[in-house]
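Enquirer: First the structure, which I've put down as structure tokens, then a few questions once you've had a look.
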Amino acid sequence: MSPDWTRIRHDFPILDQEVHGHPLIYFDNAATSQKPRQVIDALVRYYERDNANVHRGLHELSNRATDQYETARRKVAAFVNASDEEIIFTRGTTEGINLVAQSWGRANLKAGDVILATEMEHHSNLVPWQMLAAQTGAVLKHIPVTDEGVLDVDQLDSLLTEQVKLLTFVHVSNSLGTINPAKLLIEKAHAVGAKVLLDGAQSAGHMTVDVRSLDCDFYALSGHKMCAPTGIGALYVKQPILANMPPWHGGGEMILRVQFGSSTFKDGPARFEAGTPDISGAIVLGTAIDYLESIGRQAIFDHDAQLTSYALQRMSEIEGLRIFGPMQDRGALVAFSLEGAHPHDLTEFANTQGLALRGGHHCTQPLMRKFKVPSTTRASFYFYNTRDEIDRMIDILLGAKKFFGS
């Protein structure tokens, strides 16, 4: 049975408002998703009843907070089909990638080694590797993107040499909507002995993710893009790799014994969670996972795909509108440009009509240069969006076309 999308939409109180006298249409989900009442209530409930530091007290509140925090870790593990000993809580995908770079990367990469990324990477999956390359002497290379917005896989065999020690790539492009062939890329990387990091910022809340089936070595996600608060995320690391990674941050909770001259560190995730974590964020990430699972990730993926297909169809009817990325088999977003309107101006015009889009380079400047544009406008969807909202967006874009004289 298909979920009752109308009822589900009512779970999101923020959507029931007007902006500049128009009903809000929120199409900026690739930047951050909205939060259902169940998640908001769970956050309030934690602070009203259970707020205490974890792992460090013997009193009731600390025990409750610790139990909920570790239960949330188990929920994240189940969400990606991992074990809880392989899940590190982070602030989000960006921190997860930086953790891998500065822990595993600094311990394992040396001058001449190759880090292979793609031309469509978010800056969060480029800048940390640039920094690591400068520190170690490793070389950063990339897989090109075709004019259609997909990876040029024909170049894989020449790029994936034994010098490649890490392949790192985005699961779903935040600028193009491209769903990369993760399993194929991972298999090819492992064939030459490379480890693989998968940037799951745009995939975790939109599709089923099975890190065991994919066989990736690292998978990073952000809670705020999957109905949880900002400032919380998770990093999956294969247990044999995690066991040999040195700590990144030092402080309380990640140690076994401290002397003035030296310290010994805990095993597993605790070694990477120095200091007081975002306890409430982790707990409520678990609530968001429960919420998504109650809907069904396949149902969410199918709903997203139908919305995106409909948006592509309607947007293709507008003369002078250029769509970036593949026209099928893509994630829940459409980046585009409208002749005669700068993406920033178009986004501001849409805002006056109550439509929340995003205009800019979307933290993918190398990709913008590839397509010879300074930026694009992006509409990104989630399961609480509707076809009626897409129809309203088309009316607004047609109005913008007249306004800008294109």
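Just so we're on the same page: first chain in the structure tokens is A, next is B, and so on; residues restart at 1 for each chain, and ligands are numbered from 1 in the order they show up.
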How would you write, as a ChimeraX atom specification, the set of residues in region 135-306 of chain A that DSSP gives as strand (DSSP E)?
Expert: /A:139-143,164-170,195-199,218-222,233-237,255-258,263-265
Enquirer: Please list as a compact mmCIF listing (two decimals) with C-alpha atoms, in the first residue's frame every residue within 6 Å of region 373-383 of chain A, counting only C-alpha atoms and excluding residues in the same chain fewer than 5 positions away.
Expert:
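Saved file result.txt follows:
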# COMPACT_ATOMS: atom_id res chain seq x y z
CA PHE A 27 12.36 23.12 -2.86
CA ASP A 28 15.71 23.44 -1.09
CA ASN A 29 15.87 19.94 0.36
CA ALA A 30 19.33 19.16 -1.01
CA ILE A 300 10.47 7.57 -0.63
CA ALA A 332 15.48 14.25 -6.42
CA LEU A 333 16.80 17.54 -7.77
CA VAL A 334 16.99 19.58 -10.95
CA ALA A 335 19.63 22.24 -11.53
CA PHE A 336 18.91 24.66 -14.35
CA SER A 337 19.49 28.09 -15.85
CA PRO A 343 20.61 32.28 -11.01
CA LEU A 357 15.04 27.46 -4.51
CA ARG A 358 18.81 27.69 -4.27
CA GLY A 359 21.02 29.70 -6.59
CA GLY A 360 24.81 29.41 -6.67
CA HIS A 361 27.64 27.05 -7.47
CA MET A 368 30.47 24.85 -12.85
Enquirer: Might you pull out every residue within 7 Å of Met207 (chain A), with only C-alpha atoms counted and same-chain residues fewer than 4 positions away left off, and present them as a PyMOL selection string?
Expert: chain A and resi 203+297-298+301
Enquirer: Can you spit out the residues from that selection as a PDB file, in the first residue's frame, using C-alpha atoms?
Expert:
ATOM      1  CA  SER A 203      21.597   9.406  -0.766  1.00  0.00           C
ATOM      2  CA  ARG A 297      12.864   4.126   1.857  1.00  0.00           C
ATOM      3  CA  GLN A 298      11.800   2.429  -1.360  1.00  0.00           C
ATOM      4  CA  PHE A 301      12.771   6.805  -3.548  1.00  0.00           C
TER       5      PHE A 301
END
Enquirer: Tell me which protein, DNA and RNA residues are within 12 Å of Glu319 (chain A), counting only C-alpha atoms, leaving out same-chain ones fewer than 2 positions away, and put them as a ChimeraX atom specification.
Expert: /A:314-317,321-323,337-340,394,397-398,401-402,406
Enquirer: Just how far from CA of Ala204 (chain A) is CA of Asn174 (chain A), in Å to one decimal?
Expert: 12.7 Å
Enquirer: Counting only C-alpha atoms, give me one row per residue of region 257-376 of chain A with an atom at most 8 Å from an atom of region 115-138 of chain A, showing the shortest contact pair and its distance in Å to one decimal, sorted by chain then residue number, as a Markdown table.
Expert:
| residue | atom | partner | partner_atom | distance |
| --- | --- | --- | --- | --- |
| A:His362 | CA | A:His122 | CA | 7.7 |
| A:Cys363 | CA | A:His123 | CA | 5.3 |
| A:Thr364 | CA | A:His122 | CA | 5.0 |
| A:Gln365 | CA | A:His123 | CA | 7.9 |
| A:Pro366 | CA | A:Glu119 | CA | 6.7 |
| A:Leu367 | CA | A:Met120 | CA | 5.5 |
Enquirer: Figure out the distance between CA of Phe404 (chain A) and CA of Phe371 (chain A), please, to one decimal in Å.
Expert: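 Separating CA of Phe371 (chain A) from CA of Phe404 (chain A) is a distance of 22.6 Å.
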Enquirer: Residues within 9 Å of region 7-16 of chain A, please, as a VMD selection string. Count only C-alpha atoms; anything in the same chain fewer than 3 positions from it doesn't count.
Expert: chain A and resid 3 to 4 23 to 26 34 to 38 295 383 to 385
Enquirer: Using the selection just defined, write its residues with N, CA and C atoms as a compact mmCIF listing (two decimals), in the first residue's frame.
Expert:
# COMPACT_ATOMS: atom_id res chain seq x y z
N PRO A 3 2.12 4.97 0.81
CA PRO A 3 1.92 5.84 1.97
C PRO A 3 0.92 6.96 1.67
N ASP A 4 0.30 7.46 2.71
CA ASP A 4 -0.61 8.59 2.59
C ASP A 4 0.22 9.87 2.63
N PRO A 23 1.70 30.76 -0.27
CA PRO A 23 2.00 29.51 0.44
C PRO A 23 3.44 29.08 0.17
N LEU A 24 4.13 28.71 1.24
CA LEU A 24 5.52 28.28 1.10
C LEU A 24 5.62 27.02 0.25
N ILE A 25 6.52 27.06 -0.73
CA ILE A 25 6.93 25.86 -1.46
C ILE A 25 8.41 25.68 -1.18
N TYR A 26 8.75 24.63 -0.47
CA TYR A 26 10.14 24.43 -0.05
C TYR A 26 10.81 23.42 -0.98
N GLN A 34 13.34 19.50 5.93
CA GLN A 34 12.54 19.95 7.05
C GLN A 34 12.37 18.81 8.06
N LYS A 35 11.86 19.17 9.27
CA LYS A 35 11.81 18.21 10.36
C LYS A 35 10.35 17.92 10.74
N PRO A 36 9.98 16.65 10.86
CA PRO A 36 8.62 16.33 11.25
C PRO A 36 8.38 16.60 12.73
N ARG A 37 7.13 16.73 13.08
CA ARG A 37 6.76 16.97 14.47
C ARG A 37 7.34 15.90 15.40
N GLN A 38 7.41 14.65 14.94
CA GLN A 38 7.93 13.57 15.77
C GLN A 38 9.38 13.83 16.17
N ILE A 295 7.91 5.10 6.88
CA ILE A 295 7.39 5.40 5.54
C ILE A 295 7.88 4.35 4.54
N PHE A 383 9.92 13.82 0.10
CA PHE A 383 8.66 13.08 0.06
C PHE A 383 7.45 13.90 0.48
N TYR A 384 7.67 15.06 1.13
CA TYR A 384 6.52 15.90 1.51
C TYR A 384 6.16 16.92 0.44
N ASN A 385 6.88 16.91 -0.68
CA ASN A 385 6.55 17.80 -1.79
C ASN A 385 5.52 17.15 -2.72
Enquirer: Enumerate as a tab-separated table (two decimals) with N, CA and C atoms, in the first residue's frame all residues of region 169-305 of chain A assigned to helix (DSSP H, G or I) by DSSP on the backbone, naming them with the chain letters and numbers the document uses.
Expert:
chain	number	residue	atom	x	y	z
A	182	ALA	N	27.73	3.15	-7.94
A	182	ALA	CA	28.61	2.96	-6.79
A	182	ALA	C	29.21	1.55	-6.75
A	183	LYS	N	28.39	0.54	-6.92
A	183	LYS	CA	28.90	-0.83	-6.80
A	183	LYS	C	29.97	-1.12	-7.84
A	184	LEU	N	29.75	-0.68	-9.07
A	184	LEU	CA	30.73	-0.88	-10.14
A	184	LEU	C	32.04	-0.17	-9.80
A	185	LEU	N	31.96	1.09	-9.38
A	185	LEU	CA	33.16	1.86	-9.06
A	185	LEU	C	33.93	1.23	-7.90
A	186	ILE	N	33.20	0.77	-6.91
A	186	ILE	CA	33.85	0.16	-5.74
A	186	ILE	C	34.56	-1.13	-6.13
A	187	GLU	N	33.91	-1.96	-6.94
A	187	GLU	CA	34.53	-3.20	-7.39
A	187	GLU	C	35.81	-2.93	-8.16
A	188	LYS	N	35.78	-1.94	-9.05
A	188	LYS	CA	36.96	-1.63	-9.85
A	188	LYS	C	38.09	-1.07	-8.98
A	189	ALA	N	37.73	-0.26	-7.98
A	189	ALA	CA	38.75	0.30	-7.09
A	189	ALA	C	39.40	-0.79	-6.25
A	190	HIS	N	38.58	-1.69	-5.71
A	190	HIS	CA	39.13	-2.78	-4.90
A	190	HIS	C	40.01	-3.71	-5.73
A	191	ALA	N	39.73	-3.81	-7.02
A	191	ALA	CA	40.53	-4.68	-7.89
A	191	ALA	C	41.98	-4.21	-7.99
A	211	VAL	N	25.79	-0.83	3.09
A	211	VAL	CA	27.24	-0.73	2.94
A	211	VAL	C	27.89	-2.10	2.79
A	212	ARG	N	27.24	-3.14	3.29
A	212	ARG	CA	27.79	-4.49	3.10
A	212	ARG	C	27.69	-4.90	1.64
A	213	SER	N	26.55	-4.66	1.03
A	213	SER	CA	26.37	-5.02	-0.37
A	213	SER	C	27.25	-4.15	-1.27
A	214	LEU	N	27.30	-2.85	-0.99
A	214	LEU	CA	28.15	-1.96	-1.78
A	214	LEU	C	29.62	-2.29	-1.59
A	223	GLY	N	22.74	14.09	9.10
A	223	GLY	CA	21.39	13.96	9.62
A	223	GLY	C	20.43	15.01	9.11
A	224	HIS	N	20.92	16.24	8.92
A	224	HIS	CA	20.01	17.33	8.60
A	224	HIS	C	19.40	17.23	7.20
A	225	LYS	N	19.96	16.35	6.36
A	225	LYS	CA	19.38	16.13	5.03
A	225	LYS	C	18.38	14.97	5.04
A	239	GLN	N	35.19	-2.39	10.05
A	239	GLN	CA	35.82	-2.64	11.34
A	239	GLN	C	37.33	-2.91	11.26
A	240	PRO	N	37.82	-3.73	10.33
A	240	PRO	CA	39.28	-3.95	10.29
A	240	PRO	C	40.07	-2.67	10.01
A	241	ILE	N	39.49	-1.77	9.23
A	241	ILE	CA	40.16	-0.49	8.97
A	241	ILE	C	40.08	0.40	10.20
A	242	LEU	N	38.91	0.47	10.80
A	242	LEU	CA	38.72	1.30	12.00
A	242	LEU	C	39.67	0.90	13.11
A	268	GLY	N	37.40	1.15	18.75
A	268	GLY	CA	36.12	1.41	18.12
A	268	GLY	C	35.74	2.87	18.02
A	269	PRO	N	34.46	3.14	17.92
A	269	PRO	CA	33.98	4.51	17.71
A	269	PRO	C	34.40	5.48	18.80
A	270	ALA	N	34.51	5.01	20.04
A	270	ALA	CA	34.82	5.91	21.15
A	270	ALA	C	36.14	6.64	20.92
A	271	ARG	N	37.08	6.02	20.22
A	271	ARG	CA	38.38	6.64	19.97
A	271	ARG	C	38.26	7.91	19.14
A	272	PHE	N	37.12	8.06	18.44
A	272	PHE	CA	36.93	9.20	17.55
A	272	PHE	C	35.83	10.15	18.03
A	279	ILE	N	24.68	14.89	22.01
A	279	ILE	CA	23.86	13.80	22.53
A	279	ILE	C	22.44	13.88	21.98
A	280	SER	N	21.84	15.05	22.12
A	280	SER	CA	20.46	15.21	21.65
A	280	SER	C	20.37	14.98	20.16
A	281	GLY	N	21.36	15.48	19.40
A	281	GLY	CA	21.34	15.30	17.96
A	281	GLY	C	21.39	13.85	17.56
A	282	ALA	N	22.25	13.07	18.23
A	282	ALA	CA	22.36	11.65	17.93
A	282	ALA	C	21.05	10.93	18.23
A	283	ILE	N	20.49	11.22	19.41
A	283	ILE	CA	19.24	10.57	19.81
A	283	ILE	C	18.13	10.88	18.80
A	284	VAL	N	18.05	12.15	18.39
A	284	VAL	CA	16.97	12.55	17.48
A	284	VAL	C	17.26	12.10	16.05
A	285	LEU	N	18.52	11.90	15.70
A	285	LEU	CA	18.83	11.24	14.43
A	285	LEU	C	18.20	9.84	14.42
A	286	GLY	N	18.28	9.17	15.56
A	286	GLY	CA	17.62	7.87	15.67
A	286	GLY	C	16.12	7.98	15.47
A	287	THR	N	15.51	9.03	16.01
A	287	THR	CA	14.07	9.25	15.81
A	287	THR	C	13.76	9.50	14.35
A	288	ALA	N	14.60	10.28	13.67
A	288	ALA	CA	14.40	10.55	12.24
A	288	ALA	C	14.49	9.25	11.43
A	289	ILE	N	15.42	8.39	11.81
A	289	ILE	CA	15.55	7.11	11.12
A	289	ILE	C	14.28	6.28	11.32
A	290	ASP	N	13.77	6.25	12.55
A	290	ASP	CA	12.51	5.54	12.80
A	290	ASP	C	11.40	6.09	11.90
A	291	TYR	N	11.36	7.41	11.78
A	291	TYR	CA	10.32	8.05	10.97
A	291	TYR	C	10.45	7.65	9.50
A	292	LEU	N	11.66	7.72	8.96
A	292	LEU	CA	11.87	7.35	7.56
A	292	LEU	C	11.54	5.89	7.31
A	293	GLU	N	11.93	5.04	8.25
A	293	GLU	CA	11.67	3.61	8.09
A	293	GLU	C	10.18	3.32	8.17
A	294	SER	N	9.43	4.14	8.93
A	294	SER	CA	7.98	3.92	9.01
A	294	SER	C	7.30	4.22	7.67
A	295	ILE	N	7.91	5.10	6.88
A	295	ILE	CA	7.39	5.40	5.54
A	295	ILE	C	7.88	4.35	4.54
A	297	ARG	N	11.93	3.40	2.73
A	297	ARG	CA	12.86	4.13	1.86
A	297	ARG	C	12.62	3.86	0.38
A	298	GLN	N	12.13	2.67	0.05
A	298	GLN	CA	11.80	2.43	-1.36
A	298	GLN	C	10.63	3.30	-1.79
A	299	ALA	N	9.66	3.46	-0.89
A	299	ALA	CA	8.52	4.34	-1.19
A	299	ALA	C	8.98	5.78	-1.36
A	300	ILE	N	9.92	6.21	-0.51
A	300	ILE	CA	10.47	7.57	-0.63
A	300	ILE	C	11.21	7.72	-1.96
A	301	PHE	N	12.02	6.74	-2.30
A	301	PHE	CA	12.77	6.81	-3.55
A	301	PHE	C	11.83	6.87	-4.74
A	302	ASP	N	10.79	6.04	-4.74
A	302	ASP	CA	9.84	6.03	-5.85
A	302	ASP	C	9.10	7.36	-5.95
A	303	HIS	N	8.69	7.91	-4.80
A	303	HIS	CA	7.98	9.19	-4.79
A	303	HIS	C	8.89	10.30	-5.32
A	304	ASP	N	10.15	10.31	-4.84
A	304	ASP	CA	11.14	11.29	-5.32
A	304	ASP	C	11.30	11.19	-6.83
A	305	ALA	N	11.42	9.96	-7.32
A	305	ALA	CA	11.65	9.74	-8.76
A	305	ALA	C	10.47	10.24	-9.59
Enquirer: Using only C-alpha atoms, can you tell me which of A:Asp329, A:Asp152, A:Glu95, A:Asp157 comes closest to Gly231 (chain A)?
Expert: A:Glu95
Enquirer: List the neighbours of Leu99 (chain A) out to 12 Å using only C-alpha atoms; skip same-chain residues closer than 3 positions along the sequence, and give me the result as a PyMOL selection string.
Expert: chain A and resi 88-96+102-107+124-125+128-129+132+197+218-220+234-237+242+245-249+269+271-273
Enquirer: Print the selection's residues with N, CA and C atoms to a file, as a short mmCIF file (atom, residue, chain, number, x, y, z; two decimals), in the first residue's frame.
Expert:
data_model
loop_
_atom_site.label_atom_id
_atom_site.label_comp_id
_atom_site.auth_asym_id
_atom_site.auth_seq_id
_atom_site.Cartn_x
_atom_site.Cartn_y
_atom_site.Cartn_z
N ILE A 88 30.62 5.91 13.77
CA ILE A 88 31.14 7.06 14.53
C ILE A 88 30.17 8.21 14.35
N PHE A 89 29.75 8.82 15.44
CA PHE A 89 28.94 10.03 15.32
C PHE A 89 29.84 11.22 14.99
N THR A 90 29.39 12.04 14.04
CA THR A 90 30.12 13.22 13.60
C THR A 90 29.16 14.40 13.54
N ARG A 91 29.65 15.55 13.11
CA ARG A 91 28.77 16.70 12.89
C ARG A 91 28.06 16.61 11.54
N GLY A 92 28.51 15.72 10.68
CA GLY A 92 27.90 15.59 9.36
C GLY A 92 28.87 14.99 8.37
N THR A 93 28.48 14.97 7.11
CA THR A 93 29.30 14.37 6.07
C THR A 93 30.67 15.03 5.97
N THR A 94 30.70 16.35 6.06
CA THR A 94 31.97 17.08 5.94
C THR A 94 32.95 16.63 7.00
N GLU A 95 32.50 16.56 8.25
CA GLU A 95 33.41 16.13 9.31
C GLU A 95 33.82 14.68 9.12
N GLY A 96 32.90 13.84 8.66
CA GLY A 96 33.24 12.45 8.43
C GLY A 96 34.36 12.30 7.40
N GLN A 102 42.25 12.88 7.80
CA GLN A 102 43.28 13.20 8.79
C GLN A 102 43.66 12.02 9.69
N SER A 103 42.85 10.99 9.71
CA SER A 103 43.20 9.80 10.48
C SER A 103 43.74 8.71 9.56
N TRP A 104 42.86 8.10 8.79
CA TRP A 104 43.33 7.04 7.88
C TRP A 104 44.30 7.59 6.85
N GLY A 105 43.98 8.74 6.27
CA GLY A 105 44.79 9.28 5.19
C GLY A 105 46.22 9.60 5.61
N ARG A 106 46.36 10.31 6.72
CA ARG A 106 47.71 10.69 7.15
C ARG A 106 48.53 9.48 7.58
N ALA A 107 47.85 8.43 8.03
CA ALA A 107 48.56 7.23 8.48
C ALA A 107 48.95 6.32 7.32
N SER A 124 33.36 19.62 -0.04
CA SER A 124 33.66 18.85 1.16
C SER A 124 34.36 17.53 0.85
N ASN A 125 34.27 17.09 -0.40
CA ASN A 125 34.98 15.88 -0.80
C ASN A 125 36.13 16.18 -1.75
N PRO A 128 39.33 18.56 1.69
CA PRO A 128 40.10 17.74 2.64
C PRO A 128 41.20 16.93 1.98
N TRP A 129 40.97 16.50 0.75
CA TRP A 129 41.99 15.71 0.05
C TRP A 129 43.09 16.61 -0.51
N LEU A 132 45.20 17.10 2.50
CA LEU A 132 45.98 15.89 2.78
C LEU A 132 47.10 15.72 1.77
N LEU A 197 35.76 5.66 -0.34
CA LEU A 197 34.89 6.47 0.50
C LEU A 197 33.71 6.94 -0.34
N PHE A 218 34.30 3.30 3.57
CA PHE A 218 33.83 4.44 4.37
C PHE A 218 32.53 4.96 3.74
N TYR A 219 31.59 5.36 4.60
CA TYR A 219 30.36 5.98 4.10
C TYR A 219 29.97 7.07 5.09
N ALA A 220 29.84 8.30 4.59
CA ALA A 220 29.54 9.45 5.45
C ALA A 220 28.16 9.99 5.12
N ALA A 234 26.96 10.81 10.74
CA ALA A 234 27.60 9.55 11.10
C ALA A 234 28.57 9.13 10.01
N LEU A 235 29.57 8.39 10.44
CA LEU A 235 30.57 7.84 9.53
C LEU A 235 30.67 6.35 9.76
N TYR A 236 30.46 5.58 8.70
CA TYR A 236 30.70 4.14 8.74
C TYR A 236 32.12 3.87 8.29
N VAL A 237 32.82 3.01 9.06
CA VAL A 237 34.15 2.55 8.68
C VAL A 237 34.19 1.04 8.89
N LEU A 242 38.91 0.47 10.80
CA LEU A 242 38.72 1.30 12.00
C LEU A 242 39.67 0.90 13.11
N MET A 245 42.99 2.73 12.74
CA MET A 245 43.04 4.17 12.51
C MET A 245 43.41 4.90 13.80
N PRO A 246 44.36 5.83 13.73
CA PRO A 246 44.71 6.60 14.92
C PRO A 246 43.65 7.65 15.23
N PRO A 247 43.55 8.08 16.48
CA PRO A 247 42.55 9.10 16.82
C PRO A 247 42.83 10.41 16.10
N TRP A 248 41.77 11.18 15.92
CA TRP A 248 41.86 12.47 15.23
C TRP A 248 41.86 13.61 16.24
N HIS A 249 40.88 13.61 17.14
CA HIS A 249 40.82 14.59 18.22
C HIS A 249 41.19 13.92 19.53
N PRO A 269 34.46 3.14 17.92
CA PRO A 269 33.98 4.51 17.71
C PRO A 269 34.40 5.48 18.80
N ARG A 271 37.08 6.02 20.22
CA ARG A 271 38.38 6.64 19.97
C ARG A 271 38.26 7.91 19.14
N PHE A 272 37.12 8.06 18.44
CA PHE A 272 36.93 9.20 17.55
C PHE A 272 35.83 10.15 18.03
N GLU A 273 35.39 9.99 19.26
CA GLU A 273 34.33 10.83 19.79
C GLU A 273 34.80 11.53 21.07
#
Enquirer: Have a look at A:Thr6, A:Thr386, A:Asp267, A:Ala228 and name the one nearest to Gln306 (chain A); count only C-alpha atoms.
Expert: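 Result for the nearest residue to Gln306 (chain A): A:Thr386.
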Enquirer: With distances taken over only C-alpha atoms, which residue among A:Phe403, A:Arg74, A:Asp147, A:Ala311 lies nearest Asp391 (chain A)?
Expert: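 For Asp391 (chain A), the nearest of the candidates is A:Ala311.
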Enquirer: Tell me which protein, DNA and RNA residues are within 6 Å of region 158-167 of chain A, counting only C-alpha atoms, leaving out same-chain ones fewer than 2 positions away, and put them as a PyMOL selection string.
Expert: chain A and resi 113-117+155-156+192+194-196
